[in-house]
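File shown: entry.pdb. Contents: PDB, C-alpha atoms, pLDDT in the B column.
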ATOM      1  CA  MET A   1      82.420  90.166  96.516  1.00 88.00           C
ATOM      2  CA  LEU A   2      82.441  88.947 100.100  1.00 92.00           C
ATOM      3  CA  LYS A   3      80.678  91.283 102.535  1.00 96.00           C
ATOM      4  CA  LEU A   4      82.111  91.654 106.020  1.00 96.00           C
ATOM      5  CA  GLU A   5      80.066  93.425 108.688  1.00 96.00           C
ATOM      6  CA  CYS A   6      82.074  94.095 111.830  1.00 96.00           C
ATOM      7  CA  GLY A   7      83.236  97.127 113.753  1.00 95.00           C
ATOM      8  CA  LYS A   8      86.969  96.532 113.722  1.00 98.00           C
ATOM      9  CA  ILE A   9      89.565  94.611 111.701  1.00 98.00           C
ATOM     10  CA  GLY A  10      93.118  93.605 112.535  1.00 98.00           C
ATOM     11  CA  ILE A  11      95.898  93.982 109.967  1.00 99.00           C
ATOM     12  CA  ILE A  12      99.181  92.074 110.113  1.00 98.00           C
ATOM     13  CA  SER A  13     101.996  91.141 107.752  1.00 98.00           C
ATOM     14  CA  ASP A  14     105.322  89.389 107.555  1.00 97.00           C
ATOM     15  CA  THR A  15     104.983  87.090 110.558  1.00 96.00           C
ATOM     16  CA  HIS A  16     107.427  84.592 109.015  1.00 93.00           C
ATOM     17  CA  GLY A  17     106.228  81.828 111.315  1.00 92.00           C
ATOM     18  CA  ASP A  18     106.623  83.811 114.554  1.00 93.00           C
ATOM     19  CA  VAL A  19     103.995  82.397 116.921  1.00 93.00           C
ATOM     20  CA  ALA A  20     104.834  84.814 119.759  1.00 94.00           C
ATOM     21  CA  ALA A  21     104.281  87.809 117.462  1.00 96.00           C
ATOM     22  CA  TRP A  22     100.955  86.349 116.264  1.00 97.00           C
ATOM     23  CA  ARG A  23      99.787  85.841 119.858  1.00 97.00           C
ATOM     24  CA  LYS A  24     100.654  89.438 120.815  1.00 98.00           C
ATOM     25  CA  ALA A  25      98.856  90.699 117.707  1.00 98.00           C
ATOM     26  CA  VAL A  26      95.747  88.631 118.456  1.00 98.00           C
ATOM     27  CA  GLU A  27      95.618  90.252 121.911  1.00 97.00           C
ATOM     28  CA  LEU A  28      95.659  93.688 120.237  1.00 98.00           C
ATOM     29  CA  PHE A  29      92.981  92.473 117.823  1.00 98.00           C
ATOM     30  CA  SER A  30      90.546  91.737 120.654  1.00 96.00           C
ATOM     31  CA  GLY A  31      87.071  92.610 119.415  1.00 96.00           C
ATOM     32  CA  CYS A  32      88.059  92.445 115.741  1.00 98.00           C
ATOM     33  CA  GLY A  33      85.648  90.665 113.427  1.00 97.00           C
ATOM     34  CA  ALA A  34      88.397  89.656 110.986  1.00 98.00           C
ATOM     35  CA  ILE A  35      92.155  89.667 110.526  1.00 98.00           C
ATOM     36  CA  PHE A  36      93.820  90.587 107.232  1.00 98.00           C
ATOM     37  CA  HIS A  37      97.286  89.031 106.840  1.00 98.00           C
ATOM     38  CA  ALA A  38      99.271  90.629 104.000  1.00 98.00           C
ATOM     39  CA  GLY A  39     101.551  87.663 103.413  1.00 97.00           C
ATOM     40  CA  ASP A  40     104.820  85.996 104.326  1.00 95.00           C
ATOM     41  CA  VAL A  41     102.838  84.004 106.845  1.00 95.00           C
ATOM     42  CA  LEU A  42     104.917  80.920 107.633  1.00 91.00           C
ATOM     43  CA  MET A  43     108.647  80.237 107.881  1.00 84.00           C
ATOM     44  CA  HIS A  44     110.793  78.137 105.561  1.00 71.00           C
ATOM     45  CA  ASN A  45     114.448  77.207 105.411  1.00 65.00           C
ATOM     46  CA  TYR A  46     116.336  78.344 102.341  1.00 59.00           C
ATOM     47  CA  ASP A  47     115.673  74.928 100.810  1.00 58.00           C
ATOM     48  CA  GLY A  48     111.927  75.565 101.142  1.00 54.00           C
ATOM     49  CA  ALA A  49     111.315  73.145 104.033  1.00 54.00           C
ATOM     50  CA  PHE A  50     109.019  74.235 106.859  1.00 55.00           C
ATOM     51  CA  VAL A  51     110.715  75.311 110.060  1.00 58.00           C
ATOM     52  CA  THR A  52     107.503  74.755 112.001  1.00 66.00           C
ATOM     53  CA  ASP A  53     103.775  74.562 111.397  1.00 77.00           C
ATOM     54  CA  SER A  54     102.936  76.037 114.823  1.00 88.00           C
ATOM     55  CA  LEU A  55     101.753  79.372 113.411  1.00 92.00           C
ATOM     56  CA  ALA A  56      99.510  77.621 110.898  1.00 92.00           C
ATOM     57  CA  ASN A  57      97.885  75.767 113.801  1.00 92.00           C
ATOM     58  CA  GLU A  58      97.321  79.046 115.679  1.00 94.00           C
ATOM     59  CA  ILE A  59      95.821  80.766 112.625  1.00 96.00           C
ATOM     60  CA  ASN A  60      93.550  77.809 111.934  1.00 95.00           C
ATOM     61  CA  VAL A  61      91.957  78.036 115.402  1.00 96.00           C
ATOM     62  CA  CYS A  62      91.628  81.833 115.373  1.00 96.00           C
ATOM     63  CA  SER A  63      88.259  82.934 116.747  1.00 95.00           C
ATOM     64  CA  CYS A  64      87.619  85.306 113.830  1.00 96.00           C
ATOM     65  CA  GLU A  65      87.890  85.025 110.072  1.00 96.00           C
ATOM     66  CA  VAL A  66      91.393  85.373 108.617  1.00 97.00           C
ATOM     67  CA  PHE A  67      92.027  86.614 105.072  1.00 98.00           C
ATOM     68  CA  ALA A  68      95.548  85.994 103.775  1.00 97.00           C
ATOM     69  CA  ALA A  69      97.529  87.247 100.800  1.00 97.00           C
ATOM     70  CA  MET A  70     100.323  85.151  99.350  1.00 96.00           C
ATOM     71  CA  GLY A  71     103.720  86.705 100.003  1.00 95.00           C
ATOM     72  CA  ASN A  72     106.961  86.226  98.133  1.00 93.00           C
ATOM     73  CA  CYS A  73     108.223  83.915 100.907  1.00 90.00           C
ATOM     74  CA  ASP A  74     105.027  81.840 101.059  1.00 90.00           C
ATOM     75  CA  ARG A  75     104.859  78.521  99.226  1.00 87.00           C
ATOM     76  CA  PHE A  76     101.919  76.883  97.468  1.00 87.00           C
ATOM     77  CA  SER A  77     102.454  73.937  99.817  1.00 85.00           C
ATOM     78  CA  ASP A  78     101.566  76.241 102.756  1.00 88.00           C
ATOM     79  CA  GLN A  79      97.960  75.815 101.685  1.00 88.00           C
ATOM     80  CA  GLU A  80      98.120  72.233 102.906  1.00 87.00           C
ATOM     81  CA  LEU A  81      98.528  73.608 106.450  1.00 88.00           C
ATOM     82  CA  LEU A  82      96.544  76.859 106.411  1.00 91.00           C
ATOM     83  CA  LEU A  83      92.758  77.091 106.429  1.00 91.00           C
ATOM     84  CA  PRO A  84      92.618  80.623 105.011  1.00 91.00           C
ATOM     85  CA  VAL A  85      93.331  80.489 101.292  1.00 92.00           C
ATOM     86  CA  LEU A  86      96.523  82.349 100.349  1.00 94.00           C
ATOM     87  CA  GLN A  87      95.437  84.601  97.495  1.00 95.00           C
ATOM     88  CA  PRO A  88      97.506  86.932  95.306  1.00 95.00           C
ATOM     89  CA  PHE A  89      94.814  89.617  95.692  1.00 95.00           C
ATOM     90  CA  VAL A  90      92.075  89.869  98.320  1.00 96.00           C
ATOM     91  CA  SER A  91      89.046  92.158  97.951  1.00 96.00           C
ATOM     92  CA  VAL A  92      86.364  92.430 100.644  1.00 97.00           C
ATOM     93  CA  ASP A  93      83.458  94.821 101.217  1.00 98.00           C
ATOM     94  CA  TRP A  94      83.907  95.820 104.864  1.00 98.00           C
ATOM     95  CA  ASN A  95      80.961  97.875 106.108  1.00 97.00           C
ATOM     96  CA  GLY A  96      80.588  99.511 102.691  1.00 96.00           C
ATOM     97  CA  ARG A  97      84.324 100.194 102.243  1.00 97.00           C
ATOM     98  CA  ILE A  98      86.242  98.073  99.761  1.00 97.00           C
ATOM     99  CA  VAL A  99      89.396  96.633 101.322  1.00 98.00           C
ATOM    100  CA  ALA A 100      92.005  95.434  98.835  1.00 97.00           C
ATOM    101  CA  MET A 101      95.058  93.479  99.935  1.00 97.00           C
ATOM    102  CA  ALA A 102      98.150  91.952  98.351  1.00 97.00           C
ATOM    103  CA  HIS A 103     101.620  91.320  99.682  1.00 97.00           C
ATOM    104  CA  GLY A 104     103.013  94.373  97.935  1.00 95.00           C
ATOM    105  CA  ASN A 105     106.043  92.991  96.139  1.00 93.00           C
ATOM    106  CA  ASN A 106     104.496  94.389  92.933  1.00 93.00           C
ATOM    107  CA  PRO A 107     103.243  97.876  93.941  1.00 93.00           C
ATOM    108  CA  ALA A 108     102.141  98.901  90.437  1.00 92.00           C
ATOM    109  CA  LEU A 109      99.953  95.795  90.107  1.00 93.00           C
ATOM    110  CA  LEU A 110      98.495  96.349  93.567  1.00 94.00           C
ATOM    111  CA  ARG A 111      97.612  99.975  92.767  1.00 91.00           C
ATOM    112  CA  ARG A 112      95.967  98.907  89.493  1.00 92.00           C
ATOM    113  CA  ASP A 113      93.981  96.071  91.054  1.00 93.00           C
ATOM    114  CA  ALA A 114      92.947  98.237  94.027  1.00 94.00           C
ATOM    115  CA  ALA A 115      91.749 100.997  91.682  1.00 92.00           C
ATOM    116  CA  ASN A 116      89.802  98.460  89.606  1.00 93.00           C
ATOM    117  CA  ALA A 117      88.163  97.145  92.784  1.00 94.00           C
ATOM    118  CA  GLY A 118      87.237 100.672  93.889  1.00 96.00           C
ATOM    119  CA  ALA A 119      89.175 100.252  97.125  1.00 97.00           C
ATOM    120  CA  SER A 120      89.113 102.825  99.891  1.00 97.00           C
ATOM    121  CA  LEU A 121      91.641 100.851 101.984  1.00 97.00           C
ATOM    122  CA  VAL A 122      94.650  99.136 100.432  1.00 97.00           C
ATOM    123  CA  ILE A 123      96.715  96.788 102.599  1.00 98.00           C
ATOM    124  CA  SER A 124     100.209  95.578 101.762  1.00 98.00           C
ATOM    125  CA  GLY A 125     103.296  94.271 103.513  1.00 98.00           C
ATOM    126  CA  HIS A 126     106.627  93.130 102.062  1.00 97.00           C
ATOM    127  CA  THR A 127     108.812  96.109 103.055  1.00 97.00           C
ATOM    128  CA  HIS A 128     108.748  95.342 106.810  1.00 97.00           C
ATOM    129  CA  VAL A 129     108.327  99.109 107.336  1.00 97.00           C
ATOM    130  CA  ALA A 130     105.097 100.488 108.817  1.00 98.00           C
ATOM    131  CA  LYS A 131     103.474 103.304 106.880  1.00 97.00           C
ATOM    132  CA  ILE A 132     100.107 104.971 106.245  1.00 97.00           C
ATOM    133  CA  GLU A 133      99.651 107.118 103.149  1.00 95.00           C
ATOM    134  CA  ARG A 134      96.587 108.795 101.716  1.00 94.00           C
ATOM    135  CA  PHE A 135      96.110 109.359  97.988  1.00 90.00           C
ATOM    136  CA  GLY A 136      92.821 111.144  97.429  1.00 90.00           C
ATOM    137  CA  ASP A 137      90.099 109.100  99.113  1.00 91.00           C
ATOM    138  CA  VAL A 138      92.238 105.959  99.342  1.00 94.00           C
ATOM    139  CA  ILE A 139      94.310 105.007 102.376  1.00 96.00           C
ATOM    140  CA  PHE A 140      97.309 102.733 101.837  1.00 96.00           C
ATOM    141  CA  VAL A 141      98.527 100.944 104.948  1.00 98.00           C
ATOM    142  CA  ASN A 142     101.524  98.724 105.504  1.00 98.00           C
ATOM    143  CA  PRO A 143     101.391  97.468 109.099  1.00 98.00           C
ATOM    144  CA  GLY A 144     105.122  96.758 109.078  1.00 98.00           C
ATOM    145  CA  SER A 145     106.411  93.377 110.160  1.00 97.00           C
ATOM    146  CA  ALA A 146     105.052  91.679 113.254  1.00 97.00           C
ATOM    147  CA  SER A 147     108.263  89.664 113.565  1.00 95.00           C
ATOM    148  CA  ARG A 148     111.180  91.187 111.655  1.00 94.00           C
ATOM    149  CA  PRO A 149     110.847  94.978 111.350  1.00 96.00           C
ATOM    150  CA  LEU A 150     113.411  96.904 109.330  1.00 93.00           C
ATOM    151  CA  GLY A 151     114.976 100.223 110.210  1.00 89.00           C
ATOM    152  CA  THR A 152     114.329 101.793 113.583  1.00 93.00           C
ATOM    153  CA  GLN A 153     110.657 100.825 113.885  1.00 93.00           C
ATOM    154  CA  PRO A 154     109.562  98.138 116.331  1.00 97.00           C
ATOM    155  CA  ALA A 155     107.425  95.134 115.374  1.00 98.00           C
ATOM    156  CA  SER A 156     103.937  96.381 114.545  1.00 98.00           C
ATOM    157  CA  VAL A 157     100.403  95.676 113.350  1.00 98.00           C
ATOM    158  CA  ALA A 158      97.414  97.850 112.467  1.00 98.00           C
ATOM    159  CA  VAL A 159      93.783  98.121 113.499  1.00 98.00           C
ATOM    160  CA  ALA A 160      91.018  99.758 111.451  1.00 98.00           C
ATOM    161  CA  ASP A 161      87.595 100.796 112.692  1.00 98.00           C
ATOM    162  CA  SER A 162      84.898 103.299 111.781  1.00 96.00           C
ATOM    163  CA  ALA A 163      87.094 106.212 112.955  1.00 96.00           C
ATOM    164  CA  GLY A 164      90.239 105.319 110.997  1.00 96.00           C
ATOM    165  CA  ILE A 165      93.409 103.265 111.051  1.00 98.00           C
ATOM    166  CA  SER A 166      96.118 102.980 113.683  1.00 98.00           C
ATOM    167  CA  ILE A 167      99.488 101.276 113.471  1.00 98.00           C
ATOM    168  CA  LEU A 168     100.500  99.917 116.862  1.00 98.00           C
ATOM    169  CA  THR A 169     103.593  98.312 118.325  1.00 98.00           C
ATOM    170  CA  LEU A 170     103.065  94.820 119.685  1.00 98.00           C
ATOM    171  CA  ASP A 171     103.036  96.510 123.112  1.00 96.00           C
ATOM    172  CA  GLY A 172     100.034  98.612 122.028  1.00 97.00           C
ATOM    173  CA  LYS A 173     101.784 101.965 121.559  1.00 97.00           C
ATOM    174  CA  HIS A 174     100.524 104.140 118.682  1.00 96.00           C
ATOM    175  CA  LEU A 175     103.019 104.726 115.859  1.00 97.00           C
ATOM    176  CA  PHE A 176     100.743 106.251 113.186  1.00 97.00           C
ATOM    177  CA  ASP A 177      97.066 107.154 112.854  1.00 97.00           C
ATOM    178  CA  GLU A 178      94.892 108.203 109.930  1.00 97.00           C
ATOM    179  CA  THR A 179      91.197 109.078 109.990  1.00 96.00           C
ATOM    180  CA  TRP A 180      88.671 108.401 107.237  1.00 94.00           C
ATOM    181  CA  ILE A 181      87.541 111.413 105.223  1.00 82.00           C
TER     182      ILE A 181
END

Can you dump the structure from the file as structure tokens?
Amino acid sequence: MLKLECGKIGIISDTHGDVAAWRKAVELFSGCGAIFHAGDVLMHNYDGAFVTDSLANEINVCSCEVFAAMGNCDRFSDQELLLPVLQPFVSVDWNGRIVAMAHGNNPALLRRDAANAGASLVISGHTHVAKIERFGDVIFVNPGSASRPLGTQPASVAVADSAGISILTLDGKHLFDETWI
């Protein structure tokens, strides 16, 4: 399993090709050693054609490592543009905590795979609704959508550090916080 030693990580999902949202998120991720993207990275027309590859270019030149899960709107052809490999399930040892990530369109599978990995942090997206839940010693976080939030919530991302996890609007306002046990 890949080991990641850094003080802070950025968490984002459902950018759907929105470069402006990515740029705002990267500002909030200042000082992060890695970014975890929970899928639906790029944007396609209904026929599957790319709208733009601008976000792929931005991700590829990111100053920190980017881990990316494959979302239900991502295409295998996206891999031709993106340097981070789109994976159905990502598992990383971050400072001794196992971080598991998948897009979240199959919650039962994600819970099973996260439990098998011994995860203490489980990241998903898909719903476009920001949420932090704790089940025992495991924290589940959905950062919401950075570009197309649903419901009354604004566009959002999350940041995790040694103290806990915070979901933030793209303007930096705190929506939800959870501390580690």

I need every residue sitting at most 10 Å from the point (91.2, 95.2, 112.0) (coordinates as in the file, all atoms listed in the file considered), written as an MDAnalysis selection string. chainID A and resid 6:12 28:36 157:161 165:166

Just C-alpha atoms for this one: save the residues we selected as an mmCIF file, in the frame of the given file.
data_model
loop_
_atom_site.group_PDB
_atom_site.id
_atom_site.type_symbol
_atom_site.label_atom_id
_atom_site.label_comp_id
_atom_site.auth_asym_id
_atom_site.auth_seq_id
_atom_site.Cartn_x
_atom_site.Cartn_y
_atom_site.Cartn_z
ATOM 1 C CA CYS A 6 82.074 94.095 111.830
ATOM 2 C CA GLY A 7 83.236 97.127 113.753
ATOM 3 C CA LYS A 8 86.969 96.532 113.722
ATOM 4 C CA ILE A 9 89.565 94.611 111.701
ATOM 5 C CA GLY A 10 93.118 93.605 112.535
ATOM 6 C CA ILE A 11 95.898 93.982 109.967
ATOM 7 C CA ILE A 12 99.181 92.074 110.113
ATOM 8 C CA LEU A 28 95.659 93.688 120.237
ATOM 9 C CA PHE A 29 92.981 92.473 117.823
ATOM 10 C CA SER A 30 90.546 91.737 120.654
ATOM 11 C CA GLY A 31 87.071 92.610 119.415
ATOM 12 C CA CYS A 32 88.059 92.445 115.741
ATOM 13 C CA GLY A 33 85.648 90.665 113.427
ATOM 14 C CA ALA A 34 88.397 89.656 110.986
ATOM 15 C CA ILE A 35 92.155 89.667 110.526
ATOM 16 C CA PHE A 36 93.820 90.587 107.232
ATOM 17 C CA VAL A 157 100.403 95.676 113.350
ATOM 18 C CA ALA A 158 97.414 97.850 112.467
ATOM 19 C CA VAL A 159 93.783 98.121 113.499
ATOM 20 C CA ALA A 160 91.018 99.758 111.451
ATOM 21 C CA ASP A 161 87.595 100.796 112.692
ATOM 22 C CA ILE A 165 93.409 103.265 111.051
ATOM 23 C CA SER A 166 96.118 102.980 113.683
#

Proximity to Gly96 of chain A - best of A:Thr15, A:Ser162, A:Thr179, A:Ser156, all atoms listed in the file: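 Counting all atoms listed in the file, the residue closest to Gly96 of chain A is A:Ser162.
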
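Taking atom CA of Lys24 of chain A as the reference point, atom CA of Pro88 of chain A is found at 25.8 Å.
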
From the list A:Ala25, A:Ala146, A:Val138, A:Ala119, which residue is nearest Gly39 of chain A when using all atoms listed in the file? A:Ala146

Nearest-residue call for Val129 of chain A, choices A:Val90, A:Ala114, A:Val99, A:Leu175, using all atoms listed in the file: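 Answer, going by the shortest atom-to-atom distance: A:Leu175.
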
Name the residues that the PyMOL selection byres ((chain A and resi 70) around 10) pulls out of this structure, and write them as a list in words.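 Taken over the shown coordinates, the PyMOL selection byres ((chain A and resi 70) around 10) returns His37, Ala38, Gly39, Asp40, Val41, Ala68, Ala69, Gly71, Asn72, Cys73, Asp74, Arg75, Phe76, Asp78, Gln79, Val85, Leu86, Gln87, Pro88, Phe89, Val90, Met101, Ala102, His103 and Gly104 of chain A.
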
With the file shown as input, list the residues that the PyMOL selection byres ((chain A and resi 137) around 12) selects, as an mmCIF file with C-alpha atoms, in the coordinates of the input.
data_model
loop_
_atom_site.group_PDB
_atom_site.id
_atom_site.type_symbol
_atom_site.label_atom_id
_atom_site.label_comp_id
_atom_site.auth_asym_id
_atom_site.auth_seq_id
_atom_site.Cartn_x
_atom_site.Cartn_y
_atom_site.Cartn_z
ATOM 1 C CA ARG A 97 84.324 100.194 102.243
ATOM 2 C CA ILE A 98 86.242 98.073 99.761
ATOM 3 C CA ALA A 115 91.749 100.997 91.682
ATOM 4 C CA GLY A 118 87.237 100.672 93.889
ATOM 5 C CA ALA A 119 89.175 100.252 97.125
ATOM 6 C CA SER A 120 89.113 102.825 99.891
ATOM 7 C CA LEU A 121 91.641 100.851 101.984
ATOM 8 C CA VAL A 122 94.650 99.136 100.432
ATOM 9 C CA GLU A 133 99.651 107.118 103.149
ATOM 10 C CA ARG A 134 96.587 108.795 101.716
ATOM 11 C CA PHE A 135 96.110 109.359 97.988
ATOM 12 C CA GLY A 136 92.821 111.144 97.429
ATOM 13 C CA VAL A 138 92.238 105.959 99.342
ATOM 14 C CA ILE A 139 94.310 105.007 102.376
ATOM 15 C CA PHE A 140 97.309 102.733 101.837
ATOM 16 C CA GLU A 178 94.892 108.203 109.930
ATOM 17 C CA THR A 179 91.197 109.078 109.990
ATOM 18 C CA TRP A 180 88.671 108.401 107.237
ATOM 19 C CA ILE A 181 87.541 111.413 105.223
#

Would you list the contacts of segment 60-64 of chain A as number ranges by chain, taking every protein, DNA or RNA residue within 9 Å and counting all atoms listed in the file, but skipping same-chain residues closer than 2 positions in sequence? A: 26, 32-35, 55-58, 66, 81-84

Using atom CA of Pro149 of chain A and atom CA of Ala117 of chain A as the two end points, give the distance in Å to one decimal. 29.4 Å

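Among A:Ser77, A:Asp53, A:Val92, A:Trp22, the residue with the shortest atom-to-atom distance to Leu2 of chain A, counting only C-alpha atoms, is A:Val92.
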
Do you have the atom CA of Asp18 of chain A-atom CA of Ser145 of chain A distance handy?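 About the pair atom CA of Asp18 of chain A and atom CA of Ser145 of chain A: they are 10.5 Å apart.
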
Quick one: of A:Ser54, A:Leu42, A:Asp14, A:Ser91, who's nearest to His126 of chain A, counting all atoms listed in the file? A:Asp14

Rank A:Ser147, A:Thr169, A:Gln153, A:Ser13 by their smallest atom-to-atom distance to Phe67 of chain A, using only C-alpha atoms, and report the top residue only.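 Of A:Ser147, A:Thr169, A:Gln153, A:Ser13, the one nearest Phe67 of chain A is A:Ser13, counting only C-alpha atoms.
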
Repaired coordinates for segment 105-117 of chain A (N, CA, C and O atoms) as a compact mmCIF listing (two decimals), in the coordinates of the input:
# COMPACT_ATOMS: atom_id res chain seq x y z
N ASN A 105 104.77 93.10 96.85
CA ASN A 105 106.04 92.99 96.14
C ASN A 105 105.93 93.43 94.69
O ASN A 105 106.93 93.51 94.00
N ASN A 106 104.71 93.77 94.24
CA ASN A 106 104.50 94.39 92.93
C ASN A 106 103.56 95.58 93.13
O ASN A 106 102.35 95.48 92.89
N PRO A 107 104.10 96.73 93.60
CA PRO A 107 103.24 97.88 93.94
C PRO A 107 102.39 98.39 92.79
O PRO A 107 101.23 98.78 93.00
N ALA A 108 102.91 98.40 91.58
CA ALA A 108 102.14 98.90 90.44
C ALA A 108 100.90 98.02 90.20
O ALA A 108 99.81 98.53 89.94
N LEU A 109 101.08 96.72 90.28
CA LEU A 109 99.95 95.80 90.11
C LEU A 109 98.93 95.97 91.23
O LEU A 109 97.72 95.97 90.99
N LEU A 110 99.40 96.14 92.44
CA LEU A 110 98.50 96.35 93.57
C LEU A 110 97.69 97.63 93.38
O LEU A 110 96.47 97.63 93.58
N ARG A 111 98.34 98.72 92.99
CA ARG A 111 97.61 99.98 92.77
C ARG A 111 96.56 99.81 91.68
O ARG A 111 95.42 100.27 91.81
N ARG A 112 96.92 99.12 90.59
CA ARG A 112 95.97 98.91 89.49
C ARG A 112 94.78 98.07 89.95
O ARG A 112 93.63 98.43 89.72
N ASP A 113 95.06 96.96 90.62
CA ASP A 113 93.98 96.07 91.05
C ASP A 113 93.09 96.75 92.11
O ASP A 113 91.87 96.58 92.10
N ALA A 114 93.72 97.52 93.00
CA ALA A 114 92.95 98.24 94.03
C ALA A 114 92.05 99.29 93.39
O ALA A 114 90.89 99.45 93.78
N ALA A 115 92.56 100.00 92.39
CA ALA A 115 91.75 101.00 91.68
C ALA A 115 90.59 100.32 90.96
O ALA A 115 89.45 100.81 90.99
N ASN A 116 90.85 99.19 90.31
CA ASN A 116 89.80 98.46 89.61
C ASN A 116 88.73 97.95 90.56
O ASN A 116 87.56 97.83 90.18
N ALA A 117 89.12 97.63 91.78
CA ALA A 117 88.16 97.14 92.78
C ALA A 117 87.41 98.29 93.45
O ALA A 117 86.44 98.05 94.17
